[in-house]
Amino acid sequence: MKYRLIHRTKYTYAGAVTVSHHLARLAPRTLPGQRCPWHELEILPEPVGRGVHVDSFGNVSTYFEIEGKHEVMEVIARSLVQVFPNHHPDARATPPWEQVRNACQVEKLTPGSEAGAFRFGSAMVPLGKEFADYAAVEFLPGRPVLEAVLGLTGKIFRDFKFDPRATDVTTPVSEVLKKRAGVCQDFAHLMLACLRSLGLPARYVSGYLETAPPPGRPRLTGADASHAWVSVFCGESAGWIDTDPTNNLLPVERHITVAWGRDFSDVSPLRGVTLGAGGQKLDVAVDVIPVEER
């Protein structure tokens with residue numbers, strides 16, 4: 001599938017901002033199953049400085065500075081992305097989850113030990129017995145790792161209600177577990193906490209999900225949204241496999257990967273520091289538009 005992506009972010013400030021520094025992670029990654037032949041970032045007002053680099057997780061990041069009084073800032077990311085069908089291994093043929101866990105703790109450099117960097121707690125994903133206990137019913141002794149991961153994916157999908165009013169970006173994972181409600185970011189963080197509390201490497205993935213309008217209704221401009229899911233290391237042969245607890249599925253062609261890291265704080269689409277203002281209003285609009293191939 002080919003997609004045209006448009007991600008608009010608009011900040012309206014309560015007062016004039018004189019200087020602002022920002023970091024954007026809005027460029028889709030180039031992966032074995034995904035290509036991004038074209039990407040551009042339009043920034044208004046025009047920055048006085050801009051630089052592009054690849055961060056420690058391999059994400060393309062753009063740093064920019066704006067000087068001079070302004071009360072509105074708008075960032076528009078436009079991309080063309082092609083996503084190829086993803087063929088997943090037989091879940092029953094993947095190694096026992098304990099074997100994967102142990103392989104990620106060895107001292108010599110292997111694909112497993114390299115992936116092991118993602119088995120530790122992070123700023124937004126703490127480790128804890130309550131998370132391990134929640135996942136334990138799926139991670140039975142000797143169970144194939146992908147089979148257990150799919151079990152946990154389905155368990156979160158069934159046990160938790162999608163409710164944007166239940167949480168915000170600062171809600172702790174422990175509170176999400178108690179409330180049994182949240183959004184895709186919460187469900188991804190919860191699944192990460194469960195997996196890492198069992199010693200398994202897992203990373204937070206941010207991107208987009210193609211959504212279809214209701215039957216007979218037109219596609220509304222800006223009606224799509226950013227999405228979040230999880231990628232789990234399932235052994236050297238299977239590698240990293242993505243799973244989406246919000247929708248209880250393994251991504252195929254409708255998920256578009258932008259960035260990954262330890263948690264949301266590593267992959268925030270746009271963050272920054274401003275001098276002046278005092279308050280701000282944020283408006284975000286996303287379009288994921290399928291491009292018909294001729």
# chains A, B, ... in the order shown; residues from 1 in each chain; ligands from 1
$ residues_around --residues "A:Val169" --least-positions-apart "2" --cutoff "9 Å" --atoms "only C-alpha atoms" --output "ChimeraX atom specification"
/A:167,171-172,185-186,264
$ write_last_selection --atoms "C-alpha atoms" --output "PDB file, in the first residue's frame"
ATOM      1  CA  THR A 167      -6.137   9.619  30.992  1.00  0.00           C
ATOM      2  CA  THR A 171      -1.048   9.481  33.600  1.00  0.00           C
ATOM      3  CA  PRO A 172       1.183   6.821  35.261  1.00  0.00           C
ATOM      4  CA  GLN A 185      -0.347   5.353  24.256  1.00  0.00           C
ATOM      5  CA  ASP A 186      -1.531   3.977  27.603  1.00  0.00           C
ATOM      6  CA  PHE A 264       6.595   8.099  24.331  1.00  0.00           C
TER       7      PHE A 264
END
$ select_by_dssp --residues "stretch 64-198 of chain A" --states "helix (DSSP H, G or I)" --output "MDAnalysis selection string"
chainID A and resid 91:93 97:103 111:118 129:136 145:159 173:179 184:197
$ residues_around --residues "A:Asp263" --least-positions-apart "2" --cutoff "10 Å" --atoms "only C-alpha atoms" --output "list of chain:residue names"
A:Phe118, A:Gly121, A:Ser122, A:Ala123, A:Met124, A:Val125, A:Gln185, A:Ala188, A:His189, A:Leu192, A:Ala202, A:Arg203, A:Tyr204, A:Val205, A:Ser206, A:Ala228, A:Val230, A:Trp260, A:Gly261, A:Ser265, A:Asp266, A:Val267, A:Ser268
$ write_last_selection --atoms "C-alpha atoms" --output "PDB file, in the first residue's frame"
ATOM      1  CA  PHE A 118      14.950  -2.473  25.750  1.00  0.00           C
ATOM      2  CA  GLY A 121      12.420   0.405  32.920  1.00  0.00           C
ATOM      3  CA  SER A 122      12.250   3.943  31.546  1.00  0.00           C
ATOM      4  CA  ALA A 123      10.820   7.336  32.499  1.00  0.00           C
ATOM      5  CA  MET A 124       7.243   6.449  31.526  1.00  0.00           C
ATOM      6  CA  VAL A 125       7.449   2.644  31.787  1.00  0.00           C
ATOM      7  CA  GLN A 185      -0.347   5.353  24.256  1.00  0.00           C
ATOM      8  CA  ALA A 188       1.383   0.475  24.639  1.00  0.00           C
ATOM      9  CA  HIS A 189       3.025   1.651  27.876  1.00  0.00           C
ATOM     10  CA  LEU A 192       5.779  -2.584  27.707  1.00  0.00           C
ATOM     11  CA  ALA A 202      10.086  -4.453  23.980  1.00  0.00           C
ATOM     12  CA  ARG A 203      10.027  -0.995  22.453  1.00  0.00           C
ATOM     13  CA  TYR A 204       7.424   1.756  21.985  1.00  0.00           C
ATOM     14  CA  VAL A 205       6.475   2.418  18.348  1.00  0.00           C
ATOM     15  CA  SER A 206       4.806   5.610  17.130  1.00  0.00           C
ATOM     16  CA  ALA A 228       1.122   3.815  19.131  1.00  0.00           C
ATOM     17  CA  VAL A 230       4.601  -2.238  20.680  1.00  0.00           C
ATOM     18  CA  TRP A 260      10.566   3.955  18.165  1.00  0.00           C
ATOM     19  CA  GLY A 261      12.197   4.211  21.569  1.00  0.00           C
ATOM     20  CA  SER A 265       9.139  10.582  25.671  1.00  0.00           C
ATOM     21  CA  ASP A 266      11.710   9.227  23.172  1.00  0.00           C
ATOM     22  CA  VAL A 267       9.447   9.622  20.145  1.00  0.00           C
ATOM     23  CA  SER A 268       7.244  12.670  20.808  1.00  0.00           C
TER      24      SER A 268
END
$ residues_around --residues "A:Lys2" --least-positions-apart "6" --cutoff "8 Å" --atoms "only C-alpha atoms" --output "number ranges by chain"
A: 80-83, 290-293
$ select_by_dssp --residues "stretch 58-241 of chain A" --states "strand (DSSP E)" --output "PDB file with N, CA and C atoms, in the first residue's frame"
ATOM      1  N   VAL A  60      14.798   9.704  12.507  1.00  0.00           N
ATOM      2  CA  VAL A  60      15.194  10.968  11.893  1.00  0.00           C
ATOM      3  C   VAL A  60      14.591  12.111  12.714  1.00  0.00           C
ATOM      4  N   SER A  61      15.433  13.013  13.188  1.00  0.00           N
ATOM      5  CA  SER A  61      14.983  14.115  14.038  1.00  0.00           C
ATOM      6  C   SER A  61      15.404  15.441  13.412  1.00  0.00           C
ATOM      7  N   THR A  62      14.514  16.412  13.480  1.00  0.00           N
ATOM      8  CA  THR A  62      14.802  17.746  12.947  1.00  0.00           C
ATOM      9  C   THR A  62      14.758  18.765  14.080  1.00  0.00           C
ATOM     10  N   TYR A  63      15.867  19.458  14.279  1.00  0.00           N
ATOM     11  CA  TYR A  63      15.947  20.517  15.281  1.00  0.00           C
ATOM     12  C   TYR A  63      15.808  21.857  14.566  1.00  0.00           C
ATOM     13  N   PHE A  64      14.988  22.778  15.125  1.00  0.00           N
ATOM     14  CA  PHE A  64      14.881  24.095  14.500  1.00  0.00           C
ATOM     15  C   PHE A  64      14.669  25.179  15.554  1.00  0.00           C
ATOM     16  N   GLU A  65      15.069  26.392  15.182  1.00  0.00           N
ATOM     17  CA  GLU A  65      14.961  27.560  16.060  1.00  0.00           C
ATOM     18  C   GLU A  65      14.180  28.652  15.346  1.00  0.00           C
ATOM     19  N   ILE A  66      13.302  29.309  16.102  1.00  0.00           N
ATOM     20  CA  ILE A  66      12.550  30.439  15.569  1.00  0.00           C
ATOM     21  C   ILE A  66      12.830  31.648  16.450  1.00  0.00           C
ATOM     22  N   GLU A  67      13.190  32.756  15.810  1.00  0.00           N
ATOM     23  CA  GLU A  67      13.457  34.005  16.531  1.00  0.00           C
ATOM     24  C   GLU A  67      12.534  35.091  15.997  1.00  0.00           C
ATOM     25  N   GLY A  68      12.219  36.064  16.845  1.00  0.00           N
ATOM     26  CA  GLY A  68      11.303  37.133  16.452  1.00  0.00           C
ATOM     27  C   GLY A  68       9.913  36.847  16.998  1.00  0.00           C
ATOM     28  N   LYS A  69       9.184  37.905  17.335  1.00  0.00           N
ATOM     29  CA  LYS A  69       7.883  37.742  17.966  1.00  0.00           C
ATOM     30  C   LYS A  69       6.901  37.017  17.050  1.00  0.00           C
ATOM     31  N   HIS A  70       6.219  36.031  17.643  1.00  0.00           N
ATOM     32  CA  HIS A  70       5.181  35.314  16.899  1.00  0.00           C
ATOM     33  C   HIS A  70       4.165  34.760  17.891  1.00  0.00           C
ATOM     34  N   GLU A  71       2.918  34.733  17.500  1.00  0.00           N
ATOM     35  CA  GLU A  71       1.839  34.246  18.357  1.00  0.00           C
ATOM     36  C   GLU A  71       1.267  32.926  17.861  1.00  0.00           C
ATOM     37  N   VAL A  72       1.725  32.483  16.693  1.00  0.00           N
ATOM     38  CA  VAL A  72       1.285  31.212  16.118  1.00  0.00           C
ATOM     39  C   VAL A  72       2.490  30.508  15.515  1.00  0.00           C
ATOM     40  N   MET A  73       2.582  29.214  15.723  1.00  0.00           N
ATOM     41  CA  MET A  73       3.594  28.403  15.040  1.00  0.00           C
ATOM     42  C   MET A  73       2.894  27.185  14.437  1.00  0.00           C
ATOM     43  N   GLU A  74       3.214  26.896  13.188  1.00  0.00           N
ATOM     44  CA  GLU A  74       2.601  25.757  12.505  1.00  0.00           C
ATOM     45  C   GLU A  74       3.681  24.900  11.860  1.00  0.00           C
ATOM     46  N   VAL A  75       3.563  23.600  12.059  1.00  0.00           N
ATOM     47  CA  VAL A  75       4.493  22.638  11.461  1.00  0.00           C
ATOM     48  C   VAL A  75       3.663  21.646  10.645  1.00  0.00           C
ATOM     49  N   ILE A  76       3.980  21.525   9.360  1.00  0.00           N
ATOM     50  CA  ILE A  76       3.244  20.621   8.478  1.00  0.00           C
ATOM     51  C   ILE A  76       4.230  19.614   7.889  1.00  0.00           C
ATOM     52  N   ALA A  77       4.030  18.351   8.225  1.00  0.00           N
ATOM     53  CA  ALA A  77       4.869  17.275   7.702  1.00  0.00           C
ATOM     54  C   ALA A  77       4.104  16.567   6.594  1.00  0.00           C
ATOM     55  N   ARG A  78       4.747  16.434   5.430  1.00  0.00           N
ATOM     56  CA  ARG A  78       4.133  15.727   4.300  1.00  0.00           C
ATOM     57  C   ARG A  78       5.071  14.606   3.869  1.00  0.00           C
ATOM     58  N   SER A  79       4.497  13.423   3.661  1.00  0.00           N
ATOM     59  CA  SER A  79       5.318  12.260   3.330  1.00  0.00           C
ATOM     60  C   SER A  79       4.585  11.369   2.341  1.00  0.00           C
ATOM     61  N   LEU A  80       5.379  10.636   1.576  1.00  0.00           N
ATOM     62  CA  LEU A  80       4.860   9.559   0.738  1.00  0.00           C
ATOM     63  C   LEU A  80       5.496   8.271   1.256  1.00  0.00           C
ATOM     64  N   VAL A  81       4.666   7.289   1.600  1.00  0.00           N
ATOM     65  CA  VAL A  81       5.162   6.061   2.222  1.00  0.00           C
ATOM     66  C   VAL A  81       4.570   4.853   1.513  1.00  0.00           C
ATOM     67  N   GLN A  82       5.402   3.833   1.332  1.00  0.00           N
ATOM     68  CA  GLN A  82       4.931   2.554   0.806  1.00  0.00           C
ATOM     69  C   GLN A  82       5.171   1.486   1.856  1.00  0.00           C
ATOM     70  N   VAL A  83       4.113   0.742   2.198  1.00  0.00           N
ATOM     71  CA  VAL A  83       4.186  -0.324   3.197  1.00  0.00           C
ATOM     72  C   VAL A  83       3.913  -1.651   2.501  1.00  0.00           C
ATOM     73  N   LYS A 161     -10.882  -0.434  28.326  1.00  0.00           N
ATOM     74  CA  LYS A 161     -11.796   0.342  27.501  1.00  0.00           C
ATOM     75  C   LYS A 161     -11.055   1.526  26.884  1.00  0.00           C
ATOM     76  N   PHE A 162     -11.273   1.737  25.589  1.00  0.00           N
ATOM     77  CA  PHE A 162     -10.689   2.916  24.936  1.00  0.00           C
ATOM     78  C   PHE A 162     -11.517   4.136  25.333  1.00  0.00           C
ATOM     79  N   ALA A 181      -8.720   1.668  31.624  1.00  0.00           N
ATOM     80  CA  ALA A 181      -9.173   2.529  30.534  1.00  0.00           C
ATOM     81  C   ALA A 181      -8.023   3.427  30.103  1.00  0.00           C
ATOM     82  N   GLY A 182      -8.100   3.919  28.864  1.00  0.00           N
ATOM     83  CA  GLY A 182      -7.069   4.797  28.348  1.00  0.00           C
ATOM     84  C   GLY A 182      -7.113   4.860  26.836  1.00  0.00           C
ATOM     85  N   ALA A 202      11.215  -4.969  24.745  1.00  0.00           N
ATOM     86  CA  ALA A 202      10.086  -4.453  23.980  1.00  0.00           C
ATOM     87  C   ALA A 202      10.247  -2.949  23.835  1.00  0.00           C
ATOM     88  N   ARG A 203       9.862  -2.426  22.695  1.00  0.00           N
ATOM     89  CA  ARG A 203      10.027  -0.995  22.453  1.00  0.00           C
ATOM     90  C   ARG A 203       8.702  -0.343  22.049  1.00  0.00           C
ATOM     91  N   TYR A 204       8.602   0.944  22.307  1.00  0.00           N
ATOM     92  CA  TYR A 204       7.424   1.756  21.985  1.00  0.00           C
ATOM     93  C   TYR A 204       7.547   2.212  20.537  1.00  0.00           C
ATOM     94  N   VAL A 205       6.479   2.030  19.757  1.00  0.00           N
ATOM     95  CA  VAL A 205       6.475   2.418  18.348  1.00  0.00           C
ATOM     96  C   VAL A 205       5.406   3.482  18.127  1.00  0.00           C
ATOM     97  N   SER A 206       5.775   4.574  17.479  1.00  0.00           N
ATOM     98  CA  SER A 206       4.806   5.610  17.130  1.00  0.00           C
ATOM     99  C   SER A 206       4.655   5.673  15.619  1.00  0.00           C
ATOM    100  N   GLY A 207       3.473   6.034  15.172  1.00  0.00           N
ATOM    101  CA  GLY A 207       3.243   6.129  13.737  1.00  0.00           C
ATOM    102  C   GLY A 207       1.805   6.472  13.446  1.00  0.00           C
ATOM    103  N   TYR A 208       1.296   5.912  12.367  1.00  0.00           N
ATOM    104  CA  TYR A 208      -0.060   6.200  11.939  1.00  0.00           C
ATOM    105  C   TYR A 208      -0.774   4.896  11.590  1.00  0.00           C
ATOM    106  N   LEU A 209      -2.099   4.958  11.646  1.00  0.00           N
ATOM    107  CA  LEU A 209      -2.936   3.823  11.286  1.00  0.00           C
ATOM    108  C   LEU A 209      -3.989   4.312  10.307  1.00  0.00           C
ATOM    109  N   SER A 226      -2.394  10.186  15.210  1.00  0.00           N
ATOM    110  CA  SER A 226      -1.199   9.389  15.470  1.00  0.00           C
ATOM    111  C   SER A 226      -1.598   8.131  16.233  1.00  0.00           C
ATOM    112  N   HIS A 227      -0.774   7.101  16.133  1.00  0.00           N
ATOM    113  CA  HIS A 227      -1.088   5.836  16.792  1.00  0.00           C
ATOM    114  C   HIS A 227       0.169   5.329  17.489  1.00  0.00           C
ATOM    115  N   ALA A 228      -0.008   4.396  18.405  1.00  0.00           N
ATOM    116  CA  ALA A 228       1.122   3.815  19.131  1.00  0.00           C
ATOM    117  C   ALA A 228       0.876   2.325  19.320  1.00  0.00           C
ATOM    118  N   TRP A 229       1.945   1.562  19.224  1.00  0.00           N
ATOM    119  CA  TRP A 229       1.865   0.124  19.461  1.00  0.00           C
ATOM    120  C   TRP A 229       3.204  -0.358  20.002  1.00  0.00           C
ATOM    121  N   VAL A 230       3.431  -1.649  20.021  1.00  0.00           N
ATOM    122  CA  VAL A 230       4.601  -2.238  20.680  1.00  0.00           C
ATOM    123  C   VAL A 230       5.332  -3.160  19.714  1.00  0.00           C
ATOM    124  N   SER A 231       6.644  -3.232  19.848  1.00  0.00           N
ATOM    125  CA  SER A 231       7.447  -4.196  19.106  1.00  0.00           C
ATOM    126  C   SER A 231       8.207  -5.041  20.119  1.00  0.00           C
ATOM    127  N   VAL A 232       8.135  -6.370  19.960  1.00  0.00           N
ATOM    128  CA  VAL A 232       8.711  -7.304  20.928  1.00  0.00           C
ATOM    129  C   VAL A 232       9.793  -8.139  20.250  1.00  0.00           C
ATOM    130  N   PHE A 233      10.924  -8.309  20.921  1.00  0.00           N
ATOM    131  CA  PHE A 233      11.980  -9.171  20.384  1.00  0.00           C
ATOM    132  C   PHE A 233      11.613 -10.614  20.694  1.00  0.00           C
ATOM    133  N   TRP A 240      12.300  -8.814  15.687  1.00  0.00           N
ATOM    134  CA  TRP A 240      11.319  -7.910  16.290  1.00  0.00           C
ATOM    135  C   TRP A 240       9.983  -8.072  15.584  1.00  0.00           C
ATOM    136  N   ILE A 241       8.918  -8.227  16.359  1.00  0.00           N
ATOM    137  CA  ILE A 241       7.574  -8.377  15.813  1.00  0.00           C
ATOM    138  C   ILE A 241       6.655  -7.353  16.472  1.00  0.00           C
TER     139      ILE A 241
END
$ residues_around --residues "A:Phe160" --least-positions-apart "5" --cutoff "9 Å" --atoms "only C-alpha atoms" --output "PyMOL selection string"
chain A and resi 155+176-177+179-182+187+246
$ atom_distance --atom1 "atom CA of A:Val145" --atom2 "atom CA of A:Pro126"
21.6 Å
$ atom_distance --atom1 "atom CA of A:Ala135" --atom2 "atom CA of A:Arg196"
10.5 Å
$ atom_distance --atom1 "atom CA of A:Leu200" --atom2 "atom CA of A:Ser56"
20.4 Å
$ closest_residue --among "A:Thr18, A:Asn247, A:Gln280, A:Ser237" --to "A:Thr94" --atoms "only C-alpha atoms"
A:Ser237
$ closest_residue --among "A:Leu190, A:Leu23, A:Ile256, A:Thr211" --to "A:Cys36" --atoms "only C-alpha atoms"
A:Ile256
$ closest_residue --among "A:Val183, A:His22, A:Val286, A:Gly51" --to "A:Phe157" --atoms "only C-alpha atoms"
A:Val183
$ closest_residue --among "A:Thr110, A:Ser197, A:Leu152, A:Ala27" --to "A:Val54" --atoms "only C-alpha atoms"
A:Ala27
$ decode --residues "stretch 36-65 of chain A" --atoms "N, CA and C atoms" --output "mmCIF file, in the first residue's frame"
data_model
loop_
_atom_site.group_PDB
_atom_site.id
_atom_site.type_symbol
_atom_site.label_atom_id
_atom_site.label_comp_id
_atom_site.auth_asym_id
_atom_site.auth_seq_id
_atom_site.Cartn_x
_atom_site.Cartn_y
_atom_site.Cartn_z
ATOM 1 N N CYS A 36 10.109 5.282 2.434
ATOM 2 C CA CYS A 36 9.632 6.662 2.444
ATOM 3 C C CYS A 36 10.450 7.437 1.402
ATOM 4 N N PRO A 37 10.018 7.421 0.140
ATOM 5 C CA PRO A 37 10.803 8.076 -0.914
ATOM 6 C C PRO A 37 10.767 9.592 -0.875
ATOM 7 N N TRP A 38 9.800 10.161 -0.130
ATOM 8 C CA TRP A 38 9.677 11.622 -0.131
ATOM 9 C C TRP A 38 9.104 12.105 1.194
ATOM 10 N N HIS A 39 9.740 13.143 1.759
ATOM 11 C CA HIS A 39 9.285 13.740 3.015
ATOM 12 C C HIS A 39 9.729 15.185 3.044
ATOM 13 N N GLU A 40 8.830 16.069 3.509
ATOM 14 C CA GLU A 40 9.191 17.474 3.677
ATOM 15 C C GLU A 40 8.548 18.021 4.936
ATOM 16 N N LEU A 41 9.186 19.026 5.496
ATOM 17 C CA LEU A 41 8.716 19.648 6.728
ATOM 18 C C LEU A 41 8.607 21.143 6.487
ATOM 19 N N GLU A 42 7.379 21.657 6.513
ATOM 20 C CA GLU A 42 7.128 23.087 6.361
ATOM 21 C C GLU A 42 6.915 23.694 7.740
ATOM 22 N N ILE A 43 7.667 24.753 8.049
ATOM 23 C CA ILE A 43 7.608 25.371 9.373
ATOM 24 C C ILE A 43 7.324 26.861 9.219
ATOM 25 N N LEU A 44 6.317 27.331 9.926
ATOM 26 C CA LEU A 44 5.925 28.736 9.893
ATOM 27 C C LEU A 44 5.806 29.253 11.320
ATOM 28 N N PRO A 45 6.475 30.403 11.666
ATOM 29 C CA PRO A 45 7.337 31.234 10.838
ATOM 30 C C PRO A 45 8.612 30.481 10.405
ATOM 31 N N GLU A 46 9.275 30.973 9.427
ATOM 32 C CA GLU A 46 10.482 30.350 8.912
ATOM 33 C C GLU A 46 11.578 30.322 9.987
ATOM 34 N N PRO A 47 12.155 29.164 10.281
ATOM 35 C CA PRO A 47 13.220 29.078 11.302
ATOM 36 C C PRO A 47 14.488 29.807 10.861
ATOM 37 N N VAL A 48 15.224 30.279 11.838
ATOM 38 C CA VAL A 48 16.519 30.895 11.536
ATOM 39 C C VAL A 48 17.605 29.818 11.433
ATOM 40 N N GLY A 49 17.322 28.647 11.979
ATOM 41 C CA GLY A 49 18.272 27.534 11.907
ATOM 42 C C GLY A 49 17.527 26.221 11.913
ATOM 43 N N ARG A 50 18.081 25.267 11.171
ATOM 44 C CA ARG A 50 17.442 23.951 11.095
ATOM 45 C C ARG A 50 18.532 22.910 10.852
ATOM 46 N N GLY A 51 18.421 21.762 11.515
ATOM 47 C CA GLY A 51 19.387 20.679 11.328
ATOM 48 C C GLY A 51 18.701 19.331 11.453
ATOM 49 N N VAL A 52 19.162 18.368 10.659
ATOM 50 C CA VAL A 52 18.585 17.024 10.672
ATOM 51 C C VAL A 52 19.645 16.036 11.129
ATOM 52 N N HIS A 53 19.282 15.143 12.041
ATOM 53 C CA HIS A 53 20.212 14.114 12.496
ATOM 54 C C HIS A 53 19.425 12.836 12.800
ATOM 55 N N VAL A 54 20.144 11.752 12.969
ATOM 56 C CA VAL A 54 19.545 10.474 13.337
ATOM 57 C C VAL A 54 19.885 10.215 14.796
ATOM 58 N N ASP A 55 18.851 9.989 15.628
ATOM 59 C CA ASP A 55 19.094 9.820 17.055
ATOM 60 C C ASP A 55 19.606 8.413 17.367
ATOM 61 N N SER A 56 19.811 8.113 18.630
ATOM 62 C CA SER A 56 20.420 6.841 19.027
ATOM 63 C C SER A 56 19.533 5.635 18.725
ATOM 64 N N PHE A 57 18.243 5.871 18.460
ATOM 65 C CA PHE A 57 17.328 4.778 18.122
ATOM 66 C C PHE A 57 17.136 4.626 16.614
ATOM 67 N N GLY A 58 17.807 5.493 15.839
ATOM 68 C CA GLY A 58 17.677 5.424 14.390
ATOM 69 C C GLY A 58 16.553 6.257 13.827
ATOM 70 N N ASN A 59 15.937 7.106 14.655
ATOM 71 C CA ASN A 59 14.847 7.966 14.195
ATOM 72 C C ASN A 59 15.403 9.247 13.580
ATOM 73 N N VAL A 60 14.798 9.704 12.507
ATOM 74 C CA VAL A 60 15.194 10.968 11.893
ATOM 75 C C VAL A 60 14.591 12.111 12.714
ATOM 76 N N SER A 61 15.433 13.013 13.188
ATOM 77 C CA SER A 61 14.983 14.115 14.038
ATOM 78 C C SER A 61 15.404 15.441 13.412
ATOM 79 N N THR A 62 14.514 16.412 13.480
ATOM 80 C CA THR A 62 14.802 17.746 12.947
ATOM 81 C C THR A 62 14.758 18.765 14.080
ATOM 82 N N TYR A 63 15.867 19.458 14.279
ATOM 83 C CA TYR A 63 15.947 20.517 15.281
ATOM 84 C C TYR A 63 15.808 21.857 14.566
ATOM 85 N N PHE A 64 14.988 22.778 15.125
ATOM 86 C CA PHE A 64 14.881 24.095 14.500
ATOM 87 C C PHE A 64 14.669 25.179 15.554
ATOM 88 N N GLU A 65 15.069 26.392 15.182
ATOM 89 C CA GLU A 65 14.961 27.560 16.060
ATOM 90 C C GLU A 65 14.180 28.652 15.346
#
